[in-house]
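Student: Quick one, coords21.pdb (PDB, C-alpha atoms):
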```
MODEL        1
ATOM      1  CA  MET A 759     -14.409   5.656  20.824
ATOM      2  CA  LYS A 760     -17.372   4.619  18.662
ATOM      3  CA  LEU A 761     -17.871   5.058  14.962
ATOM      4  CA  SER A 762     -20.275   4.356  12.144
ATOM      5  CA  VAL A 763     -19.621   3.573   8.494
ATOM      6  CA  ASN A 764     -21.489   4.668   5.356
ATOM      7  CA  LYS A 765     -20.821   3.157   1.958
ATOM      8  CA  LEU A 766     -20.350   6.035  -0.496
ATOM      9  CA  PHE A 767     -19.764   4.258  -3.798
ATOM     10  CA  HIS A 768     -19.100   0.952  -5.547
ATOM     11  CA  LEU A 769     -17.222   1.439  -8.816
ATOM     12  CA  THR A 770     -16.626  -1.257 -11.416
ATOM     13  CA  GLY A 771     -14.855  -1.428 -14.753
ATOM     14  CA  HIS A 772     -11.763  -3.573 -14.232
ATOM     15  CA  GLN A 773     -12.029  -7.099 -15.629
ATOM     16  CA  ALA A 774      -9.784  -8.787 -13.050
ATOM     17  CA  SER A 775      -8.404  -8.372  -9.506
ATOM     18  CA  VAL A 776      -7.435  -4.826  -8.530
ATOM     19  CA  TYR A 777      -4.040  -4.859  -6.795
ATOM     20  CA  ALA A 778      -2.765  -1.289  -7.088
ATOM     21  CA  MET A 779      -4.089   2.113  -6.053
ATOM     22  CA  THR A 780      -2.572   5.566  -5.592
ATOM     23  CA  ALA A 781      -3.677   9.154  -5.053
ATOM     24  CA  SER A 782      -3.115  11.999  -7.515
ATOM     25  CA  ALA A 783      -2.439  15.734  -7.312
ATOM     26  CA  ASP A 784      -6.200  16.286  -7.288
ATOM     27  CA  ASP A 785      -7.791  15.022  -4.058
ATOM     28  CA  ASN A 786     -10.884  13.973  -6.039
ATOM     29  CA  LEU A 787      -8.949  11.615  -8.321
ATOM     30  CA  ILE A 788      -7.364   8.212  -7.701
ATOM     31  CA  TYR A 789      -5.662   5.672  -9.968
ATOM     32  CA  THR A 790      -6.031   1.894  -9.876
ATOM     33  CA  GLY A 791      -4.117  -0.922 -11.536
ATOM     34  CA  SER A 792      -5.300  -4.463 -12.208
ATOM     35  CA  SER A 793      -4.263  -7.866 -13.470
ATOM     36  CA  ASP A 794      -6.440  -7.009 -16.497
ATOM     37  CA  LYS A 795      -3.365  -4.949 -17.592
ATOM     38  CA  MET A 796      -5.250  -1.658 -17.223
ATOM     39  CA  ILE A 797      -4.585   1.533 -15.281
ATOM     40  CA  ALA A 798      -7.756   3.531 -14.674
ATOM     41  CA  ARG A 799      -8.549   6.890 -13.072
ATOM     42  CA  TRP A 800     -11.630   7.520 -10.968
ATOM     43  CA  ASN A 801     -13.352  10.658  -9.702
ATOM     44  CA  ILE A 802     -14.421   9.746  -6.178
ATOM     45  CA  ALA A 803     -16.283  13.039  -5.711
ATOM     46  CA  GLU A 804     -18.475  12.335  -8.734
ATOM     47  CA  LYS A 805     -18.416   8.560  -8.076
ATOM     48  CA  LYS A 806     -17.495   7.575 -11.623
ATOM     49  CA  ALA A 807     -14.645   6.704 -13.967
ATOM     50  CA  ASP A 808     -12.585   9.663 -15.180
ATOM     51  CA  ASN A 809     -11.372  10.229 -18.745
ATOM     52  CA  PHE A 810      -8.054   8.412 -18.400
ATOM     53  CA  ALA A 811      -7.030   4.814 -19.006
ATOM     54  CA  ALA A 812      -3.767   3.139 -20.011
ATOM     55  CA  THR A 813      -3.088  -0.383 -21.240
ATOM     56  CA  MET A 814       0.038  -2.165 -19.982
ATOM     57  CA  PRO A 815       1.714  -5.265 -21.495
ATOM     58  CA  LEU A 816       1.215  -7.302 -18.292
ATOM     59  CA  ALA A 817      -0.680  -7.237 -15.002
ATOM     60  CA  VAL A 818      -0.224  -4.095 -12.867
ATOM     61  CA  TYR A 819       0.688  -4.874  -9.260
ATOM     62  CA  GLN A 820       1.811  -1.478  -7.990
ATOM     63  CA  LEU A 821       1.382   2.218  -8.805
ATOM     64  CA  LEU A 822       3.328   5.227  -7.583
ATOM     65  CA  TYR A 823       2.305   8.803  -8.412
ATOM     66  CA  ASP A 824       4.983  11.516  -8.329
ATOM     67  CA  ALA A 825       3.224  14.859  -7.971
ATOM     68  CA  LYS A 826       6.489  16.773  -8.394
ATOM     69  CA  VAL A 827       6.676  15.889 -12.103
ATOM     70  CA  ASN A 828       3.109  14.593 -12.714
ATOM     71  CA  ARG A 829       4.476  11.152 -13.469
ATOM     72  CA  MET A 830       3.165   7.635 -12.843
ATOM     73  CA  TYR A 831       5.319   4.590 -12.158
ATOM     74  CA  ALA A 832       3.601   1.246 -12.805
ATOM     75  CA  GLY A 833       5.137  -1.992 -11.532
ATOM     76  CA  SER A 834       4.275  -4.986 -13.710
ATOM     77  CA  GLY A 835       4.043  -8.730 -13.332
ATOM     78  CA  GLY A 836       7.098  -9.096 -15.557
ATOM     79  CA  GLY A 837       9.461  -7.004 -13.441
ATOM     80  CA  ALA A 838       9.296  -3.785 -15.452
ATOM     81  CA  VAL A 839       8.621  -0.295 -14.156
ATOM     82  CA  HIS A 840       6.703   1.680 -16.778
ATOM     83  CA  VAL A 841       7.223   5.438 -16.434
ATOM     84  CA  ILE A 842       4.243   7.430 -17.723
ATOM     85  CA  ASP A 843       4.262  11.185 -18.285
ATOM     86  CA  LEU A 844       0.687  12.112 -17.378
ATOM     87  CA  THR A 845       0.941  15.586 -18.886
ATOM     88  CA  ALA A 846       1.982  14.215 -22.277
ATOM     89  CA  LYS A 847      -0.136  11.064 -21.736
ATOM     90  CA  LYS A 848       2.604   8.730 -22.925
ATOM     91  CA  GLU A 849       5.140   6.226 -21.618
ATOM     92  CA  ILE A 850       8.615   7.737 -21.493
ATOM     93  CA  LYS A 851      10.615   4.818 -20.083
ATOM     94  CA  ASN A 852      10.362   1.060 -19.607
ATOM     95  CA  LEU A 853      12.798  -0.077 -16.915
ATOM     96  CA  ILE A 854      13.432  -3.821 -16.611
ATOM     97  CA  LEU A 855      14.619  -3.835 -13.004
ATOM     98  CA  HIS A 856      13.562  -7.335 -11.929
ATOM     99  CA  PRO A 857      13.368  -9.643 -14.974
ATOM    100  CA  ASN A 858      10.397 -12.023 -14.808
ATOM    101  CA  ALA A 859       9.628 -11.089 -11.184
ATOM    102  CA  ALA A 860       6.470  -9.159 -10.311
ATOM    103  CA  ILE A 861       6.957  -5.782  -8.613
ATOM    104  CA  PHE A 862       4.961  -5.589  -5.383
ATOM    105  CA  ASP A 863       5.890  -2.145  -4.067
ATOM    106  CA  LEU A 864       7.235   1.188  -5.302
ATOM    107  CA  ILE A 865       8.123   4.256  -3.248
ATOM    108  CA  LYS A 866       9.943   7.540  -3.779
ATOM    109  CA  VAL A 867      12.498   8.780  -1.261
ATOM    110  CA  GLU A 868      12.778  12.516  -1.859
ATOM    111  CA  LYS A 869      15.966  12.991   0.164
ATOM    112  CA  TYR A 870      17.925  10.846  -2.277
ATOM    113  CA  ASN A 871      15.684  11.441  -5.312
ATOM    114  CA  LEU A 872      15.241   7.672  -5.620
ATOM    115  CA  ILE A 873      12.475   5.447  -6.914
ATOM    116  CA  ILE A 874      12.754   2.122  -5.081
ATOM    117  CA  SER A 875      11.138  -1.138  -6.196
ATOM    118  CA  ALA A 876      10.565  -4.437  -4.353
ATOM    119  CA  ALA A 877      10.021  -7.651  -6.297
ATOM    120  CA  ALA A 878       8.861 -11.263  -6.123
ATOM    121  CA  ASP A 879      12.392 -12.660  -6.564
ATOM    122  CA  GLY A 880      13.527 -11.148  -3.252
ATOM    123  CA  SER A 881      15.417  -8.278  -4.884
ATOM    124  CA  ILE A 882      15.218  -4.533  -4.299
ATOM    125  CA  ALA A 883      16.410  -1.822  -6.685
ATOM    126  CA  ALA A 884      16.886   1.954  -6.522
ATOM    127  CA  ILE A 885      16.976   4.258  -9.552
ATOM    128  CA  ASP A 886      17.590   7.973  -9.955
ATOM    129  CA  ALA A 887      14.211   9.670 -10.437
ATOM    130  CA  ASP A 888      15.622  12.131 -12.999
ATOM    131  CA  ASN A 889      17.795  10.063 -15.326
ATOM    132  CA  PHE A 890      16.514   6.549 -14.395
ATOM    133  CA  GLU A 891      20.036   5.215 -13.824
ATOM    134  CA  LEU A 892      20.359   2.237 -11.482
ATOM    135  CA  ILE A 893      21.908   3.422  -8.197
ATOM    136  CA  ALA A 894      21.822   0.199  -6.176
ATOM    137  CA  LYS A 895      20.361  -3.302  -6.198
ATOM    138  CA  ASN A 896      20.379  -6.057  -3.584
ATOM    139  CA  LYS A 897      18.878  -9.526  -3.247
ATOM    140  CA  LEU A 898      17.584  -9.827   0.306
ATOM    141  CA  CYS A 899      16.071 -13.324   0.280
ATOM    142  CA  ASP A 900      14.546 -15.983  -1.973
ATOM    143  CA  GLN A 901      10.953 -15.011  -1.188
ATOM    144  CA  LYS A 902       8.773 -12.102  -2.286
ATOM    145  CA  LEU A 903       9.469  -8.593  -1.043
ATOM    146  CA  ARG A 904       6.009  -7.277  -0.243
ATOM    147  CA  SER A 905       6.228  -3.805   1.321
ATOM    148  CA  LEU A 906       8.560  -0.802   1.632
ATOM    149  CA  CYS A 907       8.511   1.983   4.235
ATOM    150  CA  TYR A 908      10.938   4.905   4.461
ATOM    151  CA  ILE A 909      11.411   6.329   7.956
ATOM    152  CA  GLU A 910      12.490   9.916   7.476
ATOM    153  CA  SER A 911      13.490  10.554  11.103
ATOM    154  CA  SER A 912      15.906   7.589  11.088
ATOM    155  CA  ASP A 913      16.827   7.803   7.385
ATOM    156  CA  VAL A 914      16.367   4.063   6.823
ATOM    157  CA  LEU A 915      14.204   1.866   4.633
ATOM    158  CA  LEU A 916      12.102  -1.005   5.994
ATOM    159  CA  VAL A 917      11.290  -4.047   3.865
ATOM    160  CA  ALA A 918       8.623  -6.655   4.734
ATOM    161  CA  SER A 919       9.612  -9.992   3.213
ATOM    162  CA  GLY A 920       8.064 -13.324   2.333
ATOM    163  CA  ASP A 921      10.442 -15.182   4.666
ATOM    164  CA  GLY A 922       8.729 -13.481   7.621
ATOM    165  CA  PHE A 923      11.514 -10.988   8.310
ATOM    166  CA  ILE A 924      11.410  -7.212   8.349
ATOM    167  CA  ARG A 925      14.748  -5.784   7.267
ATOM    168  CA  VAL A 926      16.227  -2.354   7.956
ATOM    169  CA  LEU A 927      18.255  -1.007   5.020
ATOM    170  CA  GLU A 928      20.771   1.799   4.643
ATOM    171  CA  LEU A 929      20.193   4.402   1.937
ATOM    172  CA  PRO A 930      21.185   4.851  -0.800
ATOM    173  CA  SER A 931      23.271   1.638  -0.731
ATOM    174  CA  LEU A 932      20.390  -0.761   0.145
ATOM    175  CA  LYS A 933      22.725  -2.623   2.517
ATOM    176  CA  VAL A 934      21.062  -4.522   5.381
ATOM    177  CA  LEU A 935      21.648  -2.856   8.763
ATOM    178  CA  ASN A 936      19.337  -5.048  10.853
ATOM    179  CA  GLN A 937      16.609  -7.653  10.526
ATOM    180  CA  PHE A 938      14.075  -9.306  12.814
ATOM    181  CA  PHE A 939      11.511 -12.081  12.459
ATOM    182  CA  ALA A 940       7.986 -10.662  12.516
ATOM    183  CA  HIS A 941       5.456 -13.082  10.970
ATOM    184  CA  GLU A 942       5.013 -16.766  10.288
ATOM    185  CA  PHE A 943       4.893 -17.577   6.547
ATOM    186  CA  SER A 944       5.253 -13.988   5.283
ATOM    187  CA  ALA A 945       5.517 -10.357   6.407
ATOM    188  CA  ASN A 946       3.214  -8.551   3.961
ATOM    189  CA  LYS A 947       3.085  -4.951   5.177
ATOM    190  CA  VAL A 948       5.108  -2.623   7.385
ATOM    191  CA  ILE A 949       4.312   1.001   8.169
ATOM    192  CA  LYS A 950       5.561   3.639  10.624
ATOM    193  CA  HIS A 951       3.057   5.071  13.090
ATOM    194  CA  PRO A 952       2.763   8.788  12.166
ATOM    195  CA  THR A 953       2.931  10.123  15.737
ATOM    196  CA  LYS A 954       4.527   7.381  17.872
ATOM    197  CA  ASP A 955       7.878   5.563  17.906
ATOM    198  CA  LEU A 956       6.167   2.408  16.720
ATOM    199  CA  LEU A 957       5.867   0.259  13.621
ATOM    200  CA  LEU A 958       2.794  -1.682  12.559
ATOM    201  CA  SER A 959       3.119  -4.840  10.497
ATOM    202  CA  GLY A 960       0.713  -7.377   9.036
ATOM    203  CA  GLY A 961       1.393 -10.849   7.753
ATOM    204  CA  ARG A 962       0.147 -14.026   6.223
ATOM    205  CA  ASP A 963      -0.335 -15.293   9.794
ATOM    206  CA  ALA A 964      -3.264 -12.813  10.053
ATOM    207  CA  HIS A 965      -1.584 -11.018  12.970
ATOM    208  CA  LEU A 966      -1.134  -7.285  13.433
ATOM    209  CA  ASN A 967       2.146  -6.550  15.189
ATOM    210  CA  ILE A 968       2.903  -3.464  17.265
ATOM    211  CA  ILE A 969       6.682  -2.973  17.202
ATOM    212  CA  GLU A 970       8.822  -0.577  19.212
ATOM    213  CA  TRP A 971      11.062   1.634  17.082
ATOM    214  CA  PRO A 972      14.048   1.717  16.750
ATOM    215  CA  SER A 973      14.623  -1.279  19.056
ATOM    216  CA  CYS A 974      12.493  -3.500  16.752
ATOM    217  CA  LYS A 975      11.023  -5.226  19.810
ATOM    218  CA  ILE A 976       7.583  -6.705  19.153
ATOM    219  CA  MET A 977       5.337  -5.265  21.865
ATOM    220  CA  GLU A 978       2.089  -6.980  20.899
ATOM    221  CA  LYS A 979       0.854  -9.568  18.394
ATOM    222  CA  ILE A 980      -2.865  -9.062  17.751
ATOM    223  CA  PRO A 981      -4.859 -11.846  15.982
ATOM    224  CA  ALA A 982      -6.529  -9.243  13.780
ATOM    225  CA  HIS A 983      -8.017 -11.212  10.862
ATOM    226  CA  ASN A 984      -8.914 -14.743   9.809
ATOM    227  CA  PHE A 985      -6.514 -14.784   6.854
ATOM    228  CA  ALA A 986      -3.516 -12.816   5.567
ATOM    229  CA  ILE A 987      -3.307  -9.050   6.128
ATOM    230  CA  TYR A 988      -2.448  -7.257   2.873
ATOM    231  CA  ASP A 989      -2.547  -3.558   3.741
ATOM    232  CA  ILE A 990      -2.477  -1.054   6.621
ATOM    233  CA  VAL A 991      -3.249   2.660   6.211
ATOM    234  CA  PHE A 992      -3.644   5.591   8.613
ATOM    235  CA  HIS A 993      -6.435   8.162   8.647
ATOM    236  CA  PRO A 994      -5.167  11.571   7.392
ATOM    237  CA  GLU A 995      -5.603  12.997  10.900
ATOM    238  CA  ASN A 996      -3.852   9.975  12.473
ATOM    239  CA  SER A 997      -6.656   9.069  14.895
ATOM    240  CA  LEU A 998      -7.543   5.803  13.159
ATOM    241  CA  PHE A 999      -6.002   3.147  10.960
ATOM    242  CA  ALA A1000      -7.474   0.431   8.771
ATOM    243  CA  THR A1001      -6.385  -3.092   7.853
ATOM    244  CA  ALA A1002      -7.334  -5.100   4.760
ATOM    245  CA  SER A1003      -7.326  -8.868   4.528
ATOM    246  CA  ARG A1004      -7.786 -11.933   2.379
ATOM    247  CA  ASP A1005     -10.714 -12.737   4.701
ATOM    248  CA  LYS A1006     -12.747 -10.156   2.665
ATOM    249  CA  ASN A1007     -12.959  -7.714   5.582
ATOM    250  CA  ILE A1008     -11.680  -4.231   6.382
ATOM    251  CA  LYS A1009     -11.135  -3.438  10.059
ATOM    252  CA  ILE A1010     -10.960   0.008  11.637
ATOM    253  CA  TRP A1011      -8.743   0.501  14.708
ATOM    254  CA  ASP A1012      -7.992   3.235  17.249
ATOM    255  CA  ALA A1013      -4.505   4.547  16.384
ATOM    256  CA  ASN A1014      -3.818   5.571  19.984
ATOM    257  CA  ASN A1015      -4.547   2.359  21.874
ATOM    258  CA  PHE A1016      -4.839  -0.170  19.001
ATOM    259  CA  GLN A1017      -8.326  -1.229  20.030
ATOM    260  CA  PHE A1018     -10.554  -2.766  17.374
ATOM    261  CA  LEU A1019     -13.524  -0.510  16.547
ATOM    262  CA  TYR A1020     -15.416  -1.740  13.486
ATOM    263  CA  ARG A1021     -15.484  -4.436  10.798
ATOM    264  CA  ILE A1022     -16.605  -3.575   7.258
ATOM    265  CA  ASP A1023     -17.952  -6.734   5.641
ATOM    266  CA  LYS A1024     -20.358  -8.027   3.014
ATOM    267  CA  GLU A1025     -23.243  -8.814   5.354
ATOM    268  CA  LYS A1026     -23.380  -5.554   7.280
ATOM    269  CA  ASN A1027     -22.015  -3.019   4.792
ATOM    270  CA  GLU A1028     -22.307  -4.601   1.318
ATOM    271  CA  GLY A1029     -18.529  -4.826   1.319
ATOM    272  CA  HIS A1030     -16.154  -6.947  -0.724
ATOM    273  CA  ILE A1031     -17.004 -10.542  -1.617
ATOM    274  CA  ASN A1032     -13.355 -11.559  -2.145
ATOM    275  CA  SER A1033      -9.931 -10.637  -0.818
ATOM    276  CA  VAL A1034      -9.384  -6.939  -0.024
ATOM    277  CA  ASN A1035      -6.006  -6.074  -1.550
ATOM    278  CA  LYS A1036      -5.402  -2.356  -1.189
ATOM    279  CA  LEU A1037      -6.542   0.617   0.914
ATOM    280  CA  LEU A1038      -6.161   4.358   0.418
ATOM    281  CA  TRP A1039      -7.323   6.890   2.999
ATOM    282  CA  THR A1040      -7.800   9.915   0.777
ATOM    283  CA  LYS A1041      -7.755  13.623   1.533
ATOM    284  CA  TYR A1042     -11.121  14.036  -0.179
ATOM    285  CA  GLU A1043     -13.462  14.240   2.829
ATOM    286  CA  ASN A1044     -11.265  11.573   4.483
ATOM    287  CA  THR A1045     -12.845   8.902   2.289
ATOM    288  CA  LEU A1046     -11.409   5.409   2.753
ATOM    289  CA  VAL A1047     -11.144   3.596  -0.596
ATOM    290  CA  SER A1048     -10.689  -0.168  -0.941
ATOM    291  CA  THR A1049     -10.002  -2.527  -3.844
ATOM    292  CA  GLY A1050     -10.091  -6.289  -4.151
ATOM    293  CA  ASP A1051     -10.214  -9.534  -6.060
ATOM    294  CA  ASP A1052     -13.897  -8.857  -6.806
ATOM    295  CA  ARG A1053     -12.726  -6.199  -9.337
ATOM    296  CA  SER A1054     -14.385  -3.449  -7.279
ATOM    297  CA  ILE A1055     -13.398  -0.034  -5.955
ATOM    298  CA  MET A1056     -15.446   0.922  -2.899
ATOM    299  CA  GLY A1057     -15.602   4.153  -0.895
ATOM    300  CA  TRP A1058     -16.318   4.417   2.824
ATOM    301  CA  GLN A1059     -17.223   7.340   5.065
ATOM    302  CA  ILE A1060     -15.968   6.702   8.600
ATOM    303  CA  ILE A1061     -17.842   8.820  11.167
ATOM    304  CA  LEU A1062     -16.516   9.201  14.694
ATOM    305  CA  GLU A1063     -19.238   9.349  17.336
ATOM    306  CA  GLU A1064     -18.902  11.130  20.654
TER     307      GLU A1064
ENDMDL
END
```
Give the structure from the file, written as structure tokens.

Tutor:
Amino acid sequence: MKLSVNKLFHLTGHQASVYAMTASADDNLIYTGSSDKMIARWNIAEKKADNFAATMPLAVYQLLYDAKVNRMYAGSGGGAVHVIDLTAKKEIKNLILHPNAAIFDLIKVEKYNLIISAAADGSIAAIDADNFELIAKNKLCDQKLRSLCYIESSDVLLVASGDGFIRVLELPSLKVLNQFFAHEFSANKVIKHPTKDLLLSGGRDAHLNIIEWPSCKIMEKIPAHNFAIYDIVFHPENSLFATASRDKNIKIWDANNFQFLYRIDKEKNEGHINSVNKLLWTKYENTLVSTGDDRSIMGWQIILEE
């Protein structure tokens, strides 16, 4: 498999590192959050900022959009989850779930109607998405919790942790069912392969792990980047996936055989000049969007060649 890459846009406006990004109900629109305390919306079809912005009290490290109720959840550097009603354009709740500990991931589990947060103090919390009551909370370790992944077929939650372990949690109790060591220094990202009984994980050791599920056996450890891997996302049609790293590069991989296909970098593609923090493979013409420490939002067209 061969591919080519076209840079579609380079958007600026944030005044500090961009850590958070999420889709919206409209395929053309995405939201970003930054350590400049701003949430911004962008129209990737028109390649420009949209008419929405919100100021938060502290840095924004994670965003979660809930299309069911047109609501945004913003995880802050101070451990609060700000709940924003996008229809009314106002904050409706400020939930202090992890006092003084930055929130690094937020997900919704529809089966249990839960919003789940992972924080820098090693704690995880679950709240009811309707009434915002705390359902469960657990401290898993003394290091940062970096990534959450719900596996619907197994009805469990995976947590990638700063102590290098990936933990398997029961829902809704958040009790640990299993754990295994995955990465030296820190496990930063874990994701379920959309069509195979496999997990993919990335860590501070710059390795991409291919893990058998549900045995949790590590099948392959690929030296994928030069520095820490921060994000892994799959193409909407599941044929490709991308990794983002502190080494300033984005890499594109074959999702069937895990072969490396292409590196997006500054020299060849006018890519990021600092750490790449977040990726989003959108439904709008399958555009891959990336954000980083260089305060930029970039769009990439990935073209498969026969």

Student: Please identify all polymer residues within 7 Å of segment 991-1005 of chain A, counting only C-alpha atoms, omitting same-chain residues fewer than 2 positions from it, and present them as a list in words.

Tutor: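 Close residues of segment 991-1005 of chain A: Pro952, His983, Asn984, Phe985, Ala986, Ile987, Tyr988, Asp989, Asn1007, Ile1008, Lys1009, Ile1010, Trp1011, Asp1012, Ala1013, Asn1014, Ser1033, Val1034, Asn1035, Lys1036, Leu1037, Leu1038, Trp1039, Lys1041 and Asn1044 of chain A.
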
Student: Please write as number ranges by chain the full residue list that the PyMOL selection byres ((chain A and resi 839) around 9) yields on this file.

Tutor: A: 831-834, 837-838, 840-841, 851-856, 861, 875

Student: Using all atoms listed in the file, find each residue in segment 840-913 of chain A having at least one atom no more than 12 Å away from segment 773-781 of chain A; report its shortest atom-to-atom pair and that distance in Å (one decimal), rows by chain then rising number, as a tab-separated table.

Tutor:
```
residue	atom	partner	partner_atom	distance
A:Ala860	CA	A:Tyr777	CA	11.9
A:Ile861	CA	A:Ala778	CA	10.8
A:Phe862	CA	A:Ala778	CA	9.0
A:Asp863	CA	A:Ala778	CA	9.2
A:Leu864	CA	A:Ala778	CA	10.5
A:Ile865	CA	A:Thr780	CA	11.0
```

Student: I'd like the contact shell of Lys950 of chain A - 9 Å cut-off, all atoms listed in the file, skipping same-chain residues fewer than 5 positions apart - returned as a list in words.

Tutor: Cys907, Tyr908, Ile909, Asp955, Leu956, Leu957, Leu958, Ser959 and Trp971 of chain A

Student: Choose the residue, out of A:Ala825, A:Ile1022, A:Cys899, A:Ala887, that has the smallest atom-to-atom separation from Val1047 of chain A; count all atoms listed in the file.

Tutor: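 Closest to Val1047 of chain A, using all atoms listed in the file: A:Ile1022.
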
Student: Using all atoms listed in the file, which residues sit within 10 Å of segment 929-938 of chain A once same-chain residues fewer than 4 positions away are excluded, as JSON, numbers by chain?

Tutor: {"A": [867, 869, 870, 871, 872, 874, 882, 883, 884, 885, 893, 894, 895, 896, 897, 898, 908, 913, 914, 915, 916, 917, 918, 922, 923, 924, 925, 974, 975, 976]}

Student: So the first atom is atom CA of Lys1024 of chain A and the second is atom CA of Arg1053 of chain A; what is the distance between them in Å, to one decimal place?

Tutor: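 The value is 14.6 Å.
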
Student: Distance atom CA of Met830 of chain A-atom CA of Ile842 of chain A, one decimal place?

Tutor: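 Pair atom CA of Met830 of chain A / atom CA of Ile842 of chain A returns 5.0 Å.
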
Student: Could you tell me how far atom CA of Gly920 of chain A sits from atom CA of Leu903 of chain A, in Å to one decimal place?

Tutor: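 Computing it gives 6.0 Å between the two atoms.
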
Student: Decode the PyMOL selection byres ((chain A and resi 845) around 10) for the given file into explicit residues and return them as a list in words.

Tutor: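 Applying the expression gives Val827, Asn828, Arg829, Ile842, Asp843, Leu844, Ala846, Lys847 and Lys848 of chain A.
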
Student: Determine, counting only C-alpha atoms, which protein, DNA and RNA residues have an atom within 9 Å of an atom of Ile1031 of chain A; residues of the same chain fewer than 6 positions away are not included. Present the result as a ChimeraX atom specification.

Tutor: /A:1006-1007,1023-1024,1050-1052

Student: Would you output that residue set with C-alpha atoms, as a tab-separated table (two decimals), in the coordinates of the input?

Tutor:
```tsv
chain	number	residue	atom	x	y	z
A	1006	LYS	CA	-12.75	-10.16	2.66
A	1007	ASN	CA	-12.96	-7.71	5.58
A	1023	ASP	CA	-17.95	-6.73	5.64
A	1024	LYS	CA	-20.36	-8.03	3.01
A	1050	GLY	CA	-10.09	-6.29	-4.15
A	1051	ASP	CA	-10.21	-9.53	-6.06
A	1052	ASP	CA	-13.90	-8.86	-6.81
```
